[in-house]
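Novice: File follows, data26.cif with mmCIF, C-alpha atoms:
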```cif
data_protein
loop_
_atom_site.label_atom_id
_atom_site.label_comp_id
_atom_site.auth_asym_id
_atom_site.auth_seq_id
_atom_site.Cartn_x
_atom_site.Cartn_y
_atom_site.Cartn_z
CA MET A 12 -5.94 -1.73 -135.03
CA LEU A 13 -3.41 0.80 -133.75
CA LEU A 14 -6.13 2.95 -132.15
CA LEU A 15 -7.65 -0.10 -130.45
CA THR A 16 -4.23 -1.17 -129.19
CA CYS A 17 -3.44 2.30 -127.82
CA GLY A 18 -6.87 2.49 -126.18
CA LEU A 19 -6.50 -0.88 -124.44
CA THR A 20 -2.98 0.05 -123.33
CA ALA A 21 -4.22 3.32 -121.84
CA ILE A 22 -7.03 1.54 -119.98
CA ALA A 23 -4.65 -1.10 -118.62
CA TRP A 24 -2.18 1.59 -117.53
CA GLY A 25 -4.89 3.61 -115.81
CA GLN A 26 -6.25 0.57 -113.97
CA ALA A 27 -2.73 -0.45 -112.92
CA ARG A 28 -2.06 3.02 -111.48
CA SER A 29 -5.37 2.88 -109.62
CA LEU A 30 -4.43 -0.51 -108.14
CA TRP A 31 -0.98 0.78 -107.15
CA ARG A 32 -2.47 3.73 -105.29
CA GLU A 33 -4.72 1.41 -103.27
CA LEU A 34 -1.85 -0.73 -101.94
CA PRO A 35 -0.94 -0.04 -98.29
CA SER A 36 2.30 1.92 -98.63
CA PRO A 37 1.55 3.91 -101.84
CA SER A 38 -1.89 4.85 -100.47
CA LEU A 39 -0.16 7.12 -97.93
CA ALA A 40 1.53 9.27 -100.60
CA ASP A 41 -1.21 11.89 -100.51
CA PHE A 42 -2.68 11.11 -97.10
CA ASP A 43 -3.91 14.12 -95.10
CA TRP A 44 -2.15 13.71 -91.76
CA GLN A 45 -3.39 17.06 -90.49
CA ALA A 46 -6.98 15.91 -90.98
CA LEU A 47 -6.17 12.82 -88.89
CA ARG A 48 -4.77 14.99 -86.07
CA ASP A 49 -7.90 17.12 -86.20
CA ALA A 50 -10.07 14.00 -85.98
CA ARG A 51 -8.12 12.74 -82.97
CA SER A 52 -8.73 15.99 -81.12
CA GLY A 53 -12.46 15.24 -81.30
CA LEU A 54 -12.29 11.79 -79.71
CA LYS A 55 -14.65 11.15 -76.81
CA GLY A 56 -15.17 8.53 -74.11
CA PRO A 57 -13.13 5.29 -74.14
CA ALA A 58 -11.48 6.19 -77.46
CA GLN A 59 -10.14 9.41 -75.97
CA GLU A 60 -8.90 7.53 -72.90
CA GLY A 61 -7.16 5.02 -75.15
CA TRP A 62 -5.40 7.83 -76.98
CA VAL A 63 -4.30 9.54 -73.75
CA LEU A 64 -2.99 6.24 -72.35
CA VAL A 65 -0.97 5.67 -75.53
CA ILE A 66 0.55 9.14 -75.11
CA LEU A 67 1.44 8.42 -71.48
CA SER A 68 3.15 5.15 -72.42
CA ASP A 69 4.96 7.03 -75.18
CA HIS A 70 6.19 9.48 -72.54
CA LEU A 71 7.91 6.63 -70.71
CA THR A 72 9.49 5.40 -73.95
CA ARG A 73 10.81 8.88 -74.65
CA ALA A 74 12.07 9.22 -71.10
CA LEU A 75 14.02 5.98 -71.45
CA HIS A 76 15.89 7.47 -74.42
CA GLU A 77 15.92 11.11 -73.30
CA PRO A 78 16.30 11.14 -69.49
CA ASP A 79 16.84 14.91 -69.46
CA ARG A 80 13.19 15.34 -70.47
CA ILE A 81 11.77 13.36 -67.54
CA PRO A 82 10.64 16.43 -65.51
CA ASP A 83 8.73 17.88 -68.49
CA LEU A 84 7.24 14.49 -69.35
CA LEU A 85 6.11 14.03 -65.74
CA ASN A 86 4.35 17.40 -65.76
CA ASP A 87 2.61 16.59 -69.04
CA ALA A 88 1.61 13.14 -67.74
CA ARG A 89 0.03 14.71 -64.64
CA ALA A 90 -2.06 16.90 -66.92
CA GLY A 91 -3.05 13.81 -68.92
CA LEU A 92 -4.37 12.09 -65.79
CA THR A 93 -7.16 14.67 -65.57
CA ARG A 94 -8.58 13.37 -68.88
CA LEU A 95 -8.99 9.80 -67.62
CA ARG A 96 -12.37 8.89 -66.20
CA SER A 97 -12.79 5.13 -65.96
CA SER A 98 -9.28 3.64 -66.12
CA GLN A 99 -6.62 4.04 -63.45
CA LEU A 100 -3.84 2.86 -65.73
CA GLY A 101 -2.54 6.43 -65.88
CA ARG A 102 -1.53 6.21 -62.22
CA LEU A 103 0.60 3.14 -62.95
CA GLN A 104 2.18 4.98 -65.87
CA MET A 105 2.97 7.91 -63.57
CA ALA A 106 4.53 5.52 -61.07
CA ALA A 107 6.66 4.05 -63.86
CA LEU A 108 7.91 7.53 -64.82
CA VAL A 109 8.74 8.29 -61.19
CA MET A 110 10.61 4.98 -60.83
CA LEU A 111 12.59 5.78 -63.97
CA GLN A 112 13.47 9.20 -62.54
CA LEU A 113 14.60 7.61 -59.26
CA GLU A 114 16.62 5.00 -61.12
CA ARG A 115 18.38 7.61 -63.23
CA GLY A 116 19.06 9.56 -60.06
CA GLU A 117 20.61 6.41 -58.54
CA GLU A 118 18.19 6.44 -55.61
CA PRO A 119 18.21 3.14 -53.63
CA VAL A 120 15.27 0.88 -54.49
CA ASP A 121 14.29 0.60 -50.84
CA THR A 122 13.37 4.31 -50.88
CA TRP A 123 11.14 4.14 -53.97
CA TRP A 124 7.91 3.06 -52.30
CA SER A 125 7.43 6.35 -50.51
CA HIS A 126 7.65 8.17 -53.86
CA ILE A 127 5.29 5.94 -55.83
CA ALA A 128 2.80 4.99 -53.08
CA PRO A 129 0.65 8.12 -53.67
CA TYR A 130 -0.04 6.86 -57.21
CA LEU A 131 -0.52 3.19 -56.36
CA THR A 132 -2.44 3.04 -53.09
CA GLY A 133 -6.22 2.80 -53.08
CA LEU A 134 -6.41 0.81 -56.32
CA ASP A 135 -7.75 -2.46 -54.86
CA ALA A 136 -10.83 -2.49 -57.08
CA ALA A 137 -9.57 -0.24 -59.89
CA SER A 138 -9.61 -0.99 -63.59
CA PHE A 139 -6.34 -0.77 -65.52
CA ALA A 140 -7.93 -1.00 -68.97
CA HIS A 141 -5.80 0.38 -71.81
CA ARG A 142 -8.84 1.03 -74.06
CA GLN A 143 -6.83 -0.01 -77.11
CA ALA A 144 -9.84 -1.52 -78.86
CA ALA A 145 -11.91 1.67 -78.61
CA PHE A 146 -9.02 3.86 -79.76
CA LEU A 147 -8.13 1.38 -82.52
CA GLU A 148 -11.66 1.34 -83.94
CA ALA A 149 -11.81 5.14 -83.81
CA GLU A 150 -8.48 5.33 -85.65
CA ILE A 151 -9.69 2.85 -88.27
CA GLU A 152 -12.87 4.87 -88.80
CA ASN A 153 -10.82 8.04 -89.24
CA TYR A 154 -8.43 6.39 -91.70
CA GLU A 155 -11.32 5.00 -93.74
CA ARG A 156 -13.06 8.37 -93.77
CA LEU A 157 -9.83 9.86 -95.16
CA GLY A 158 -9.74 7.39 -98.04
CA LEU A 159 -7.87 4.26 -96.91
CA SER A 160 -9.25 0.76 -97.39
CA GLY A 161 -10.43 -1.28 -94.41
CA GLY A 162 -7.41 -3.59 -94.25
CA THR A 163 -4.91 -0.77 -94.76
CA ALA A 164 -6.67 1.30 -92.11
CA ARG A 165 -6.49 -1.50 -89.52
CA SER A 166 -2.87 -2.33 -90.37
CA LEU A 167 -1.80 1.30 -90.10
CA ALA A 168 -3.71 1.83 -86.85
CA ILE A 169 -2.11 -1.25 -85.27
CA HIS A 170 1.31 -0.18 -86.51
CA GLY A 171 0.80 3.27 -85.03
CA MET A 172 -0.22 2.17 -81.56
CA GLY A 173 -0.04 -1.63 -81.28
CA GLY A 174 3.33 -1.68 -79.50
CA ALA A 175 3.01 1.64 -77.69
CA HIS A 176 2.42 0.04 -74.28
CA ALA A 177 5.15 -2.62 -74.53
CA PRO A 178 8.03 -0.58 -73.00
CA PHE A 179 5.77 0.56 -70.15
CA LEU A 180 4.51 -2.94 -69.37
CA GLN A 181 8.00 -4.44 -69.37
CA PHE A 182 9.48 -1.60 -67.31
CA PHE A 183 6.66 -1.51 -64.77
CA SER A 184 6.62 -5.29 -64.34
CA THR A 185 10.34 -5.52 -63.64
CA HIS A 186 10.59 -2.49 -61.38
CA ILE A 187 7.45 -3.02 -59.30
CA LEU A 188 8.71 -6.52 -58.48
CA ASN A 189 12.04 -4.99 -57.44
CA VAL A 190 10.13 -2.62 -55.16
CA ALA A 191 8.18 -5.56 -53.73
CA ALA A 192 11.42 -7.42 -53.00
CA ALA A 193 12.86 -4.33 -51.27
CA LEU A 194 9.68 -4.01 -49.17
CA ASP A 195 9.96 -7.66 -48.18
CA SER A 196 13.54 -7.08 -47.08
CA ALA A 197 12.43 -4.07 -45.05
CA GLY A 198 9.77 -6.17 -43.31
CA ASP A 199 6.78 -4.50 -45.00
CA ALA A 200 5.18 -7.72 -46.25
CA SER A 201 1.75 -6.11 -46.64
CA SER A 202 2.96 -3.45 -49.11
CA ALA A 203 5.09 -6.03 -50.95
CA THR A 204 2.07 -8.29 -51.41
CA TYR A 205 0.02 -5.31 -52.56
CA CYS A 206 2.61 -4.49 -55.29
CA ARG A 207 2.62 -8.07 -56.57
CA ARG A 208 -1.19 -8.23 -56.56
CA LEU A 209 -1.27 -4.93 -58.47
CA LEU A 210 0.95 -6.38 -61.19
CA ALA A 211 -0.99 -9.65 -61.32
CA ARG A 212 -4.26 -7.76 -61.77
CA LEU A 213 -2.73 -5.56 -64.48
CA LEU A 214 -1.43 -8.54 -66.47
CA ARG A 215 -4.66 -10.51 -66.02
CA GLU A 216 -6.75 -7.60 -67.27
CA TRP A 217 -4.51 -6.99 -70.29
CA VAL A 218 -4.57 -10.63 -71.32
CA LEU A 219 -8.36 -10.54 -71.26
CA GLU A 220 -8.95 -7.08 -72.71
CA ASP A 221 -9.48 -6.76 -76.45
CA GLY A 222 -6.59 -4.98 -78.11
CA ALA A 223 -3.53 -5.49 -80.28
CA ALA A 224 -2.33 -9.09 -80.38
CA SER A 225 1.20 -7.97 -79.44
CA THR A 226 -0.10 -6.35 -76.25
CA ARG A 227 -2.08 -9.41 -75.17
CA MET A 228 0.78 -11.77 -75.96
CA LEU A 229 3.29 -9.65 -74.02
CA ALA A 230 0.99 -9.62 -70.99
CA THR A 231 0.62 -13.40 -71.33
CA ALA A 232 4.40 -13.86 -71.50
CA LEU A 233 4.99 -11.73 -68.40
CA LEU A 234 2.25 -13.58 -66.51
CA VAL A 235 3.86 -16.94 -67.36
CA ASP A 236 7.43 -15.76 -66.67
CA ASN A 237 6.47 -14.39 -63.22
CA ALA A 238 3.95 -17.12 -62.38
CA LYS A 239 5.59 -18.23 -59.12
CA THR A 240 6.13 -14.70 -57.84
CA LEU A 241 2.55 -13.73 -58.65
CA ALA A 242 1.04 -17.02 -57.38
CA VAL A 243 -0.64 -17.84 -60.69
CA PRO A 244 -2.52 -21.20 -60.60
CA ASP A 245 -0.67 -24.01 -62.40
CA ARG A 246 -3.52 -24.84 -64.77
CA LEU A 247 -3.79 -21.22 -65.81
CA VAL A 248 -0.03 -21.05 -66.42
CA GLY A 249 -0.14 -24.17 -68.59
CA GLU A 250 -2.97 -22.85 -70.72
CA ALA A 251 -1.42 -19.40 -71.05
CA ARG A 252 1.85 -20.99 -72.17
CA ALA A 253 0.01 -23.17 -74.71
CA TRP A 254 -1.83 -20.12 -76.09
CA ARG A 255 1.40 -18.18 -76.44
CA VAL A 256 3.21 -21.09 -78.13
CA ALA A 257 0.28 -21.55 -80.55
CA TYR A 258 0.38 -17.85 -81.44
CA ARG A 259 4.14 -17.85 -82.03
CA THR A 260 4.00 -21.09 -84.05
CA ASP A 261 1.19 -19.70 -86.18
CA ALA A 262 3.10 -16.43 -86.71
CA LYS A 263 6.19 -18.32 -87.93
CA ARG A 264 4.09 -19.91 -90.65
CA ILE A 265 3.03 -16.53 -91.98
CA PRO A 266 5.43 -15.24 -94.66
CA GLY A 267 6.38 -11.64 -94.02
CA PRO A 268 5.29 -9.55 -97.02
CA PRO A 269 7.42 -6.62 -98.23
CA SER A 270 6.80 -3.12 -96.89
CA LEU A 271 4.71 -2.38 -99.99
CA LEU A 272 1.97 -4.58 -98.52
CA ARG A 273 2.26 -3.97 -94.77
CA PHE A 274 3.33 -1.51 -92.08
CA GLY A 275 6.10 -2.31 -89.60
CA GLU A 276 6.82 -5.82 -88.33
CA HIS A 277 3.29 -6.62 -87.19
CA LEU A 278 2.00 -9.83 -88.81
CA THR A 279 -1.59 -11.01 -89.00
CA PRO A 280 -3.21 -14.14 -90.50
CA GLY A 281 -4.24 -11.97 -93.45
CA HIS A 282 -0.60 -11.75 -94.50
CA ALA A 283 -0.79 -15.44 -95.44
CA LEU A 284 -2.56 -14.27 -98.62
CA ALA A 285 0.34 -11.98 -99.54
CA PRO A 286 2.32 -14.50 -101.69
CA ALA A 287 -0.59 -14.93 -104.10
CA LEU A 288 -0.95 -11.16 -104.44
CA MET A 289 2.81 -10.74 -104.82
CA GLN A 290 2.86 -13.25 -107.68
CA ARG A 291 0.01 -11.45 -109.46
CA LEU A 292 1.75 -8.09 -109.10
CA ALA A 293 5.08 -9.51 -110.26
CA LEU A 294 3.48 -11.16 -113.29
CA LEU A 295 1.74 -7.88 -114.07
CA GLY A 296 5.11 -6.11 -113.91
CA TRP A 297 6.71 -8.80 -116.09
CA CYS A 298 4.01 -8.62 -118.76
CA GLY A 299 4.00 -4.84 -118.53
CA GLY A 300 7.72 -4.90 -119.31
CA GLY A 301 7.04 -7.28 -122.20
CA LEU A 302 4.36 -4.89 -123.43
CA LEU A 303 6.84 -2.01 -123.37
CA GLY A 304 9.36 -4.09 -125.29
CA ALA A 305 6.75 -4.85 -127.95
CA VAL A 306 5.77 -1.16 -128.13
CA LEU A 307 9.37 -0.07 -128.71
CA LEU A 308 9.86 -2.69 -131.43
CA ALA A 309 6.58 -1.70 -133.07
CA LEU A 310 7.43 1.99 -133.06
CA GLY A 311 10.91 1.27 -134.40
CA THR A 312 9.64 -0.74 -137.35
CA THR A 313 6.28 0.89 -138.13
CA ALA A 314 7.60 2.55 -141.29
CA PHE A 315 8.17 -0.87 -142.86
CA CYS A 316 4.53 -1.85 -142.34
CA LEU A 317 3.42 1.15 -144.33
CA LYS A 318 5.30 0.07 -147.46
CA PRO A 319 3.57 -2.30 -149.91
CA ALA A 320 4.79 -5.85 -149.36
CA ALA A 321 6.38 -7.80 -152.23
CA THR A 322 4.78 -10.90 -150.83
CA SER A 323 1.88 -10.93 -148.39
CA GLU A 324 2.03 -12.85 -145.12
CA SER A 325 -0.32 -15.79 -144.76
CA PHE A 326 -3.09 -15.88 -142.17
CA GLN A 327 -1.32 -18.74 -140.40
CA LEU A 328 1.89 -16.72 -140.14
CA ARG A 329 0.09 -13.69 -138.78
CA ALA A 330 -1.75 -15.80 -136.24
CA ALA A 331 1.49 -17.46 -135.17
CA ILE A 332 3.44 -14.24 -134.69
CA THR A 333 0.46 -12.75 -132.87
CA LEU A 334 -0.12 -15.50 -130.31
CA ALA A 335 3.21 -17.27 -129.95
CA PRO A 336 5.29 -14.33 -128.56
CA THR A 337 2.56 -13.42 -126.07
CA LEU A 338 2.14 -17.01 -124.95
CA ALA A 339 5.92 -17.39 -124.59
CA ILE A 340 6.18 -14.19 -122.51
CA VAL A 341 3.33 -15.16 -120.18
CA VAL A 342 4.51 -18.76 -119.70
CA ALA A 343 8.09 -17.61 -119.09
CA GLY A 344 6.84 -15.06 -116.54
CA ILE A 345 4.68 -17.57 -114.66
CA THR A 346 7.54 -20.08 -114.55
CA VAL A 347 10.27 -17.68 -113.48
CA ILE A 348 8.12 -15.95 -110.85
CA ALA A 349 6.89 -19.24 -109.38
CA MET A 350 10.48 -20.49 -109.11
CA SER A 351 11.92 -17.24 -107.67
CA PRO A 352 9.81 -16.11 -104.67
CA ASP A 353 12.80 -14.40 -103.03
CA TRP A 354 13.46 -12.37 -106.16
CA VAL A 355 9.81 -11.33 -106.29
CA HIS A 356 9.89 -10.36 -102.60
CA ASP A 357 13.05 -8.27 -103.04
CA ASP A 358 11.73 -6.66 -106.20
CA LEU A 359 8.53 -5.55 -104.49
CA ARG A 360 10.68 -4.10 -101.71
CA ARG A 361 12.52 -2.05 -104.35
CA ALA A 362 9.20 -0.79 -105.69
CA ASP A 363 8.57 0.88 -102.33
CA ALA A 364 12.08 2.07 -101.43
CA ASP A 365 14.22 4.88 -102.79
CA ASP A 366 17.56 3.45 -101.69
CA LEU A 367 17.34 -0.11 -103.07
CA GLY A 368 17.36 0.67 -106.79
CA GLN A 369 14.75 0.02 -109.45
CA PRO A 370 12.64 -3.16 -109.62
CA THR A 371 14.16 -5.61 -112.09
CA VAL A 372 11.17 -7.82 -112.96
CA PRO A 373 9.71 -5.37 -115.55
CA TYR A 374 13.12 -4.92 -117.22
CA VAL A 375 13.71 -8.66 -117.47
CA GLY A 376 10.17 -9.07 -118.80
CA GLY A 377 10.84 -6.34 -121.37
CA VAL A 378 14.02 -7.98 -122.60
CA ILE A 379 12.36 -11.42 -122.74
CA GLY A 380 9.39 -9.88 -124.55
CA ALA A 381 11.55 -8.23 -127.21
CA VAL A 382 13.58 -11.41 -127.68
CA CYS A 383 10.43 -13.53 -128.05
CA VAL A 384 8.96 -11.18 -130.66
CA LEU A 385 12.22 -11.02 -132.61
CA ALA A 386 12.88 -14.76 -132.41
CA ILE A 387 9.39 -15.92 -133.36
CA SER A 388 8.96 -13.26 -136.04
CA GLY A 389 12.39 -14.09 -137.42
CA ALA A 390 11.54 -17.78 -137.50
CA GLY A 391 8.29 -16.96 -139.31
CA THR A 392 10.21 -14.90 -141.84
CA LEU A 393 12.53 -17.77 -142.67
CA LEU A 394 9.64 -20.23 -143.01
CA ALA A 395 7.43 -17.95 -145.12
CA ARG A 396 10.26 -16.21 -146.99
CA CYS A 397 8.81 -12.75 -146.60
CA SER A 398 10.14 -9.34 -145.51
CA ALA A 399 11.90 -9.70 -142.14
CA LEU A 400 11.35 -6.13 -140.94
CA ARG A 401 7.71 -6.12 -142.02
CA THR A 402 7.12 -9.43 -140.24
CA ILE A 403 8.85 -8.15 -137.09
CA CYS A 404 6.74 -4.99 -137.21
CA TRP A 405 3.56 -7.02 -137.55
CA GLY A 406 4.66 -9.34 -134.76
CA ALA A 407 5.46 -6.39 -132.49
CA LEU A 408 2.15 -4.64 -133.20
CA SER A 409 0.08 -7.79 -132.71
CA SER A 410 2.04 -8.73 -129.56
CA TRP A 411 1.44 -5.20 -128.28
CA LEU A 412 -2.31 -5.70 -128.71
CA ALA A 413 -2.29 -9.19 -127.18
CA LEU A 414 -0.15 -8.12 -124.21
CA ALA A 415 -2.38 -5.10 -123.60
CA VAL A 416 -5.31 -7.50 -123.27
CA VAL A 417 -3.24 -9.78 -120.99
CA CYS A 418 -2.15 -6.85 -118.80
CA LEU A 419 -5.72 -5.60 -118.50
CA ALA A 420 -6.83 -9.10 -117.43
CA LEU A 421 -3.95 -9.28 -114.94
CA VAL A 422 -4.88 -5.89 -113.47
CA ILE A 423 -8.46 -7.07 -112.94
CA SER A 424 -7.22 -10.34 -111.41
CA SER A 425 -4.70 -8.55 -109.19
CA HIS A 426 -7.38 -6.12 -108.06
CA ALA A 427 -9.63 -9.01 -107.03
CA GLN A 428 -6.74 -10.67 -105.15
CA TRP A 429 -5.93 -7.34 -103.48
CA ARG A 430 -9.52 -7.04 -102.24
CA ARG A 431 -9.32 -10.55 -100.73
CA TYR A 432 -6.05 -9.63 -99.05
CA ASP A 433 -7.47 -6.35 -97.76
CA ARG A 434 -10.55 -8.07 -96.30
CA ALA A 435 -8.28 -10.53 -94.51
CA LEU A 436 -6.21 -7.67 -93.07
CA ALA A 437 -9.38 -6.01 -91.81
CA GLU A 438 -10.22 -8.99 -89.55
CA PRO A 439 -9.83 -7.98 -85.86
CA ALA A 440 -6.98 -9.64 -83.95
CA SER A 441 -9.43 -10.79 -81.28
CA THR A 442 -11.07 -13.16 -83.77
CA HIS A 443 -7.78 -14.93 -84.48
CA LEU A 444 -6.71 -15.01 -80.82
CA LYS A 445 -10.08 -16.44 -79.76
CA ARG A 446 -9.75 -19.14 -82.41
CA LEU A 447 -6.27 -20.07 -81.14
CA ALA A 448 -7.51 -20.13 -77.55
CA ASP A 449 -10.44 -22.38 -78.46
CA ASP A 450 -8.10 -24.79 -80.25
CA HIS A 451 -5.14 -24.87 -77.84
CA ALA A 452 -6.25 -23.43 -74.49
CA PRO A 453 -10.04 -23.84 -74.27
CA HIS A 454 -10.29 -22.96 -70.57
CA LEU A 455 -7.76 -20.10 -70.47
CA LEU A 456 -10.06 -17.10 -70.78
CA GLU A 457 -12.68 -18.63 -68.49
CA ASP A 458 -10.03 -19.46 -65.84
CA LEU A 459 -8.55 -15.97 -66.09
CA ARG A 460 -11.92 -14.35 -65.49
CA ALA A 461 -12.46 -16.60 -62.45
CA TRP A 462 -9.00 -15.93 -61.01
CA GLN A 463 -8.90 -13.03 -58.56
CA PRO A 464 -5.28 -12.15 -57.60
#
```
Could you spell out this file's structure in structure tokens?
Specialist:
Amino acid sequence: MLLLTCGLTAIAWGQARSLWRELPSPSLADFDWQALRDARSGLKGPAQEGWVLVILSDHLTRALHEPDRIPDLLNDARAGLTRLRSSQLGRLQMAALVMLQLERGEEPVDTWWSHIAPYLTGLDAASFAHRQAAFLEAEIENYERLGLSGGTARSLAIHGMGGAHAPFLQFFSTHILNVAAALDSAGDASSATYCRRLLARLLREWVLEDGAASTRMLATALLVDNAKTLAVPDRLVGEARAWRVAYRTDAKRIPGPPSLLRFGEHLTPGHALAPALMQRLALLGWCGGGLLGAVLLALGTTAFCLKPAATSESFQLRAAITLAPTLAIVVAGITVIAMSPDWVHDDLRRADADDLGQPTVPYVGGVIGAVCVLAISGAGTLLARCSALRTICWGALSSWLALAVVCLALVISSHAQWRRYDRALAEPASTHLKRLADDHAPHLLEDLRAWQP
């Protein structure tokens, strides 16, 4: 019996470790980041453009925090422009860097146009595509090739580049409208109109283009907020606002899982499955703690099982002290975990952080497990009038075996729930956004394509 129990415990432990290493945050412990950098250097076509455009937007973000580096970042951005073939977004990013340099140098806004016009003129029919989708899919393929699951790969790729363009888009939108206002004041209505049309075309294209949900929603928000200035049709504004509200309302309904199960603050519909997975993992930790408590009791009293008993325990007693403690531990775990979602959430945060202390669920489960074994075995001793220590030893050994089986079943169940969660995370954002548009703004995308600023 002892060999069988040890074997089942070892299998359950091995499967639990395997599950742990598949979860999003722990899966990065041994990730080969150098191999990812090497893979990025081999990107071609739209994926390469997407990567370059992310770098250029990152240059603006760095310049906002480190203005002394603006000259170097401008030189590097100019070199990056030579790698762009189909998108002219790089020229807008260069203009944004130049405007930032002028702003930090306290140059009057009415002088900016002459500095940025070389980058912005001649773009009447240009594409400002960010190529996020192509770069994102290439990143996901690289992550999967290096051992990450599909959902983890998509989550990490979105976390790494999903918000990269946000500072650029916000900065460019605000400052190009300031330039347009200064041109209007100077009597150059043609150039002012051109600047506003440029921004309207940029926002329109980014709302339509497949990419991170955060990028499309930010472009939608800026289009709605500047609707009058950009002469956006009223029906289009109404539908864009409804789409944005639907997205934000839906996001509020999604519970934010701990960092163990996601990267950054980015939420997707797949995260709605996180509570079920969190409960399985917490129950596994609880029963694992109970298993450890039973093991310690068994090892501490094994010597008494080896001695001949003055009176033998009945089959009914052995069955009771085998099943009752395990049942009590599992039922107590299910009840406590179901009633304490915040505790479970915080405990899973501790499992992935070095500065928050140790998770407490396994320790509480261990104490409850030991108490259940002692209490039920002690009660059995009083009823059957047999050796207390021998009965406790038998109860601990049999509970160890039963909890090993329970933990193995919980690992298998948690693994299945993890796969469902991972598949949900792997769903592209465009699928969810299209579903929201169909439900709340059915004519938005069609109207946007028809609108020519």
Novice: Find the residues around A:Val218 up to 12 Å (only C-alpha atoms counted), leave out those fewer than 4 positions away in its own chain, and share them as a PyMOL selection string.
Specialist: chain A and resi 139-141+211-214+222-235+247+251+254-255+441+444-445+448+455-460
Novice: Please, which residues in stretch 143-247 of chain A fall within 10 Å of stretch 74-98 of chain A when counting all atoms listed in the file, and what is the closest atom pair and distance in Å to one decimal for each, ordered by chain then residue number, as JSON lines?
Specialist:
```
{"residue": "A:Pro178", "atom": "CA", "partner": "A:Leu75", "partner_atom": "CA", "distance": 9.0}
{"residue": "A:Phe179", "atom": "CA", "partner": "A:Leu75", "partner_atom": "CA", "distance": 10.0}
{"residue": "A:Phe182", "atom": "CA", "partner": "A:Leu75", "partner_atom": "CA", "distance": 9.8}
```
Novice: Could you list, as a VMD selection string, every residue within 12 Å of A:Ser160, counting all atoms listed in the file and ignoring same-chain residues fewer than 5 positions away?
Specialist: chain A and resid 30 32 to 36 38 to 39 151 to 155 165 to 168 429 to 437
Novice: Can I get the selection written as an mmCIF file, in the frame of the given file, with C-alpha atoms?
Specialist:
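Writing the result to result_12.cif gives the following:
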```
data_model
loop_
_atom_site.group_PDB
_atom_site.id
_atom_site.type_symbol
_atom_site.label_atom_id
_atom_site.label_comp_id
_atom_site.auth_asym_id
_atom_site.auth_seq_id
_atom_site.Cartn_x
_atom_site.Cartn_y
_atom_site.Cartn_z
ATOM 1 C CA LEU A 30 -4.430 -0.510 -108.140
ATOM 2 C CA ARG A 32 -2.470 3.730 -105.290
ATOM 3 C CA GLU A 33 -4.720 1.410 -103.270
ATOM 4 C CA LEU A 34 -1.850 -0.730 -101.940
ATOM 5 C CA PRO A 35 -0.940 -0.040 -98.290
ATOM 6 C CA SER A 36 2.300 1.920 -98.630
ATOM 7 C CA SER A 38 -1.890 4.850 -100.470
ATOM 8 C CA LEU A 39 -0.160 7.120 -97.930
ATOM 9 C CA ILE A 151 -9.690 2.850 -88.270
ATOM 10 C CA GLU A 152 -12.870 4.870 -88.800
ATOM 11 C CA ASN A 153 -10.820 8.040 -89.240
ATOM 12 C CA TYR A 154 -8.430 6.390 -91.700
ATOM 13 C CA GLU A 155 -11.320 5.000 -93.740
ATOM 14 C CA ARG A 165 -6.490 -1.500 -89.520
ATOM 15 C CA SER A 166 -2.870 -2.330 -90.370
ATOM 16 C CA LEU A 167 -1.800 1.300 -90.100
ATOM 17 C CA ALA A 168 -3.710 1.830 -86.850
ATOM 18 C CA TRP A 429 -5.930 -7.340 -103.480
ATOM 19 C CA ARG A 430 -9.520 -7.040 -102.240
ATOM 20 C CA ARG A 431 -9.320 -10.550 -100.730
ATOM 21 C CA TYR A 432 -6.050 -9.630 -99.050
ATOM 22 C CA ASP A 433 -7.470 -6.350 -97.760
ATOM 23 C CA ARG A 434 -10.550 -8.070 -96.300
ATOM 24 C CA ALA A 435 -8.280 -10.530 -94.510
ATOM 25 C CA LEU A 436 -6.210 -7.670 -93.070
ATOM 26 C CA ALA A 437 -9.380 -6.010 -91.810
#
```
Novice: Using all atoms listed in the file, which residue out of A:Ala364, A:Leu302, A:Leu100, A:Ala242 lies closest to A:Cys418?
Specialist: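 Between A:Ala364, A:Leu302, A:Leu100, A:Ala242, the residue approaching A:Cys418 most closely is A:Leu302.
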Novice: For A:Thr371, work out the shell of residues within 10 Å, counting all atoms listed in the file and skipping chain neighbours fewer than 5 positions away, then give it as a ChimeraX atom specification.
Specialist: /A:296-297,300,354-355,357-359,361-362,376-377
Novice: So that I can check the surroundings of A:Ala145, please list as a ChimeraX atom specification every protein, DNA and RNA residue that reaches within 6 Å of it, counting all atoms listed in the file and ignoring chain neighbours fewer than 2 positions away.
Specialist: /A:57-58,142-143,147-148
Novice: Could you write those residues out with C-alpha atoms, as a PDB file, keeping the file's coordinate frame?
Specialist:
```pdb
ATOM      1  CA  PRO A  57     -13.130   5.290 -74.140  1.00  0.00           C
ATOM      2  CA  ALA A  58     -11.480   6.190 -77.460  1.00  0.00           C
ATOM      3  CA  ARG A 142      -8.840   1.030 -74.060  1.00  0.00           C
ATOM      4  CA  GLN A 143      -6.830  -0.010 -77.110  1.00  0.00           C
ATOM      5  CA  LEU A 147      -8.130   1.380 -82.520  1.00  0.00           C
ATOM      6  CA  GLU A 148     -11.660   1.340 -83.940  1.00  0.00           C
TER       7      GLU A 148
END
```
Novice: So which residues touch stretch 195-198 of chain A within 12 Å, counting all atoms listed in the file, skipping near sequence neighbours fewer than 5 positions away, as a VMD selection string?
Specialist: chain A and resid 120 to 122 124 188 to 190 203 to 207
Novice: Record the distance separating atom CA of A:Gly158 and atom CA of A:Asp221, expressed in Å with one decimal.
Specialist: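 Between these atoms lies a distance of 25.8 Å.
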